[in-house]
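A quick write-up on the structure given underneath.
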Amino acid sequence: MPVNMSGTTPMGAADADAHLRETRVSTQALFKGHFLHAFRDEVALPDGSTAQREYLVHPGAVMVIPLLTDSEGHTRLVLERQFRYPVNRVMVEFPAGKLDPGELVLACAIRELQEETGYRAREWARAGVMHPVISYSTEFIEVWFARGLVAGERSLDAGEFLDVFTANPQELLQWCCDGTVTDAKTLAGALWLQNVLSGAWTLDWQTSP
């Protein structure tokens with residue numbers, strides 16, 4: 001079933017966005033894949049006319065910003081290089097993965113970090129949530145920071161191939177600037193990282209369960 005498209009207004013007023021809202025009239029399932037479902041809905045527009053909206057239902061995902069401290073006390077980041085078939089190129093990304101059915105978000109973050117990089121973290125902090133493709137997908141990505149990393153063995157999924165490497169924050173920001181990094185979630189993660197490291201944004205750290 002498609003998700004509930006209703007939402008709340010930023011100011012909390014029930015009708016503040018009535019002149020913008022669209023209401024589902026009918027829905028048609030177009031495709032059901034391994035984890036993506038495609039729908040075409042007929043919606044009523046604010047002026048009373050109707051239109052069609054096609055979109056993907058996604059289970060949601062988690063991205064981890066893993067922080068390492070080198071021998072000189074400087075921060076380094078754990079990153080990945082992975083081939084992404086739809087764009088036909090190798091992308092530089094933070095570790096990430098989709099939620100399994102019924103899986104808690106932090107549990108997913110812990111699992112994905114270990115599976116993809118081999119690292120386990122002593123402490124975790126939730127940064128927030130992002131919606132990477134609001135025009136055609138329900139996908140959300142929870143953003144978590146991890147620190148106190150302990151190296152271990154990876155356990156990649158079947159058919160998953162990626163390189164793990166480290167870089168300093170300045171290198172990542174330069175790659176975001178020069179177009180080396182174009183992955184939306186990693187660009188957003190770099191924004192969070194920059195503000196956390198500067199002290200402009202704070203995190204509430206918790207011990208790993």
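Labels used: A, B, ... for chains in the order of the structure tokens, numbers from 1 for residues in each chain, and numbers from 1 for ligands as shown.
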
Any chance you could list, as a PyMOL selection string, the residues in stretch 88-170 of chain A that come up strand (DSSP E) when DSSP is run on the backbone?
-> chain A and resi 89-93+96-98+120-130+141-150+162-167

Taking only residues of stretch 173-209 of chain A that have an atom at most 12 Å from an atom of stretch 65-85 of chain A, what is each one's shortest atom pair and its distance in Å to one decimal, using only C-alpha atoms, in chain and number order, as CSV?
```
residue,atom,partner,partner_atom,distance
A:Leu173,CA,A:Leu77,CA,11.5
A:Thr180,CA,A:Arg81,CA,11.3
A:Val181,CA,A:Arg81,CA,10.4
A:Thr182,CA,A:Arg84,CA,11.9
A:Asp183,CA,A:Arg84,CA,10.2
A:Lys185,CA,A:Ile65,CA,10.6
A:Thr186,CA,A:Ile65,CA,8.9
A:Leu187,CA,A:Ile65,CA,11.5
A:Ala188,CA,A:Ile65,CA,10.8
A:Gly189,CA,A:Ile65,CA,7.1
A:Ala190,CA,A:Ile65,CA,8.9
A:Leu191,CA,A:Ile65,CA,11.3
A:Trp192,CA,A:Ile65,CA,9.3
A:Leu193,CA,A:Ile65,CA,7.9
A:Gln194,CA,A:Ile65,CA,11.5
A:Val196,CA,A:Ile65,CA,11.2
A:Leu197,CA,A:Thr75,CA,9.3
```

Within 8 Å of stretch 140-156 of chain A using only C-alpha atoms, minus same-chain residues under 6 positions, as a PyMOL selection string = chain A and resi 58+60-68+105+109+114-132+185+189

Output file for the selection above: N, CA and C atoms, as an mmCIF file, in the first residue's frame:
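Heads up, here's the output in again_8.cif:
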```cif
data_model
loop_
_atom_site.group_PDB
_atom_site.id
_atom_site.type_symbol
_atom_site.label_atom_id
_atom_site.label_comp_id
_atom_site.auth_asym_id
_atom_site.auth_seq_id
_atom_site.Cartn_x
_atom_site.Cartn_y
_atom_site.Cartn_z
ATOM 1 N N HIS A 58 9.803 3.827 -0.846
ATOM 2 C CA HIS A 58 11.113 3.317 -0.424
ATOM 3 C C HIS A 58 11.067 3.043 1.074
ATOM 4 N N GLY A 60 13.217 3.457 3.372
ATOM 5 C CA GLY A 60 14.036 4.334 4.207
ATOM 6 C C GLY A 60 15.430 3.768 4.394
ATOM 7 N N ALA A 61 16.351 4.616 4.804
ATOM 8 C CA ALA A 61 17.745 4.208 4.903
ATOM 9 C C ALA A 61 18.436 4.983 6.016
ATOM 10 N N VAL A 62 19.669 4.587 6.279
ATOM 11 C CA VAL A 62 20.511 5.240 7.280
ATOM 12 C C VAL A 62 21.865 5.539 6.648
ATOM 13 N N MET A 63 22.405 6.711 6.946
ATOM 14 C CA MET A 63 23.775 7.056 6.562
ATOM 15 C C MET A 63 24.582 7.303 7.828
ATOM 16 N N VAL A 64 25.823 6.820 7.833
ATOM 17 C CA VAL A 64 26.696 6.966 8.999
ATOM 18 C C VAL A 64 27.882 7.863 8.623
ATOM 19 N N ILE A 65 28.187 8.827 9.493
ATOM 20 C CA ILE A 65 29.375 9.670 9.357
ATOM 21 C C ILE A 65 30.363 9.188 10.418
ATOM 22 N N PRO A 66 31.303 8.291 10.049
ATOM 23 C CA PRO A 66 32.205 7.694 11.032
ATOM 24 C C PRO A 66 33.447 8.567 11.245
ATOM 25 N N LEU A 67 33.722 8.909 12.495
ATOM 26 C CA LEU A 67 34.833 9.789 12.852
ATOM 27 C C LEU A 67 35.967 8.980 13.469
ATOM 28 N N LEU A 68 37.137 9.086 12.871
ATOM 29 C CA LEU A 68 38.352 8.479 13.400
ATOM 30 C C LEU A 68 39.261 9.577 13.945
ATOM 31 N N VAL A 105 16.237 2.167 13.607
ATOM 32 C CA VAL A 105 17.177 2.961 12.820
ATOM 33 C C VAL A 105 18.610 2.811 13.329
ATOM 34 N N ALA A 109 22.029 1.386 11.488
ATOM 35 C CA ALA A 109 23.289 2.118 11.380
ATOM 36 C C ALA A 109 24.457 1.271 11.871
ATOM 37 N N GLN A 114 29.279 -1.898 10.312
ATOM 38 C CA GLN A 114 30.100 -3.089 10.474
ATOM 39 C C GLN A 114 30.171 -3.898 9.178
ATOM 40 N N GLU A 115 29.039 -4.094 8.527
ATOM 41 C CA GLU A 115 29.023 -4.910 7.316
ATOM 42 C C GLU A 115 29.888 -4.300 6.217
ATOM 43 N N GLU A 116 29.797 -2.976 6.036
ATOM 44 C CA GLU A 116 30.463 -2.342 4.901
ATOM 45 C C GLU A 116 31.908 -1.960 5.191
ATOM 46 N N THR A 117 32.226 -1.577 6.426
ATOM 47 C CA THR A 117 33.567 -1.078 6.729
ATOM 48 C C THR A 117 34.338 -1.954 7.707
ATOM 49 N N GLY A 118 33.649 -2.787 8.473
ATOM 50 C CA GLY A 118 34.291 -3.571 9.511
ATOM 51 C C GLY A 118 34.392 -2.861 10.846
ATOM 52 N N TYR A 119 34.111 -1.571 10.874
ATOM 53 C CA TYR A 119 34.231 -0.803 12.115
ATOM 54 C C TYR A 119 33.005 -0.977 13.006
ATOM 55 N N ARG A 120 33.263 -0.992 14.305
ATOM 56 C CA ARG A 120 32.223 -0.875 15.318
ATOM 57 C C ARG A 120 32.491 0.391 16.113
ATOM 58 N N ALA A 121 31.430 1.085 16.533
ATOM 59 C CA ALA A 121 31.580 2.364 17.219
ATOM 60 C C ALA A 121 31.175 2.242 18.681
ATOM 61 N N ARG A 122 31.923 2.946 19.538
ATOM 62 C CA ARG A 122 31.576 2.960 20.961
ATOM 63 C C ARG A 122 30.459 3.955 21.259
ATOM 64 N N GLU A 123 30.349 5.007 20.431
ATOM 65 C CA GLU A 123 29.347 6.040 20.669
ATOM 66 C C GLU A 123 28.647 6.426 19.368
ATOM 67 N N TRP A 124 27.369 6.789 19.513
ATOM 68 C CA TRP A 124 26.542 7.179 18.379
ATOM 69 C C TRP A 124 25.773 8.452 18.707
ATOM 70 N N ALA A 125 25.493 9.256 17.676
ATOM 71 C CA ALA A 125 24.676 10.458 17.851
ATOM 72 C C ALA A 125 23.831 10.674 16.597
ATOM 73 N N ARG A 126 22.537 10.850 16.798
ATOM 74 C CA ARG A 126 21.639 11.126 15.674
ATOM 75 C C ARG A 126 21.748 12.592 15.292
ATOM 76 N N ALA A 127 21.981 12.858 14.012
ATOM 77 C CA ALA A 127 22.066 14.232 13.525
ATOM 78 C C ALA A 127 20.718 14.739 13.037
ATOM 79 N N GLY A 128 19.978 13.905 12.290
ATOM 80 C CA GLY A 128 18.699 14.345 11.745
ATOM 81 C C GLY A 128 18.258 13.439 10.619
ATOM 82 N N VAL A 129 17.378 13.956 9.787
ATOM 83 C CA VAL A 129 16.832 13.174 8.677
ATOM 84 C C VAL A 129 16.819 14.032 7.428
ATOM 85 N N MET A 130 16.992 13.401 6.279
ATOM 86 C CA MET A 130 16.911 14.109 5.007
ATOM 87 C C MET A 130 16.024 13.324 4.053
ATOM 88 N N HIS A 131 15.420 14.049 3.104
ATOM 89 C CA HIS A 131 14.613 13.452 2.040
ATOM 90 C C HIS A 131 15.318 13.764 0.716
ATOM 91 N N PRO A 132 16.038 12.808 0.139
ATOM 92 C CA PRO A 132 16.914 13.116 -0.991
ATOM 93 C C PRO A 132 16.222 13.377 -2.317
ATOM 94 N N LYS A 185 23.326 12.408 -0.445
ATOM 95 C CA LYS A 185 23.393 12.167 0.997
ATOM 96 C C LYS A 185 24.754 12.540 1.561
ATOM 97 N N GLY A 189 25.673 15.188 4.287
ATOM 98 C CA GLY A 189 26.499 14.798 5.418
ATOM 99 C C GLY A 189 27.664 15.738 5.631
#
```

Quick one: pull the distance between atom CA of A:Val90 and atom CA of A:His37, Å, one decimal.
-> 25.6 Å

Given the choices A:Tyr136, A:Phe94, A:Tyr55, A:Phe165, which gets closest to A:Leu30 if the distance is worked out from only C-alpha atoms?
-> A:Tyr55

DSSP helix (DSSP H, G or I) selection over stretch 26-195 of chain A, as number ranges by chain | A: 85-87, 105-117, 169-178, 184-195

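Between atom CA of A:Asp41 and atom CA of A:Glu22 the separation is 10.8 Å.
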
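The two atoms in question, atom CA of A:Pro59 and atom CA of A:Glu139, are spaced 6.7 Å apart.
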
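If you measure from each of A:Asp157, A:Leu162, A:Gly179, A:Ala184 to A:Val133 using only C-alpha atoms, the closest one turns out to be A:Ala184.
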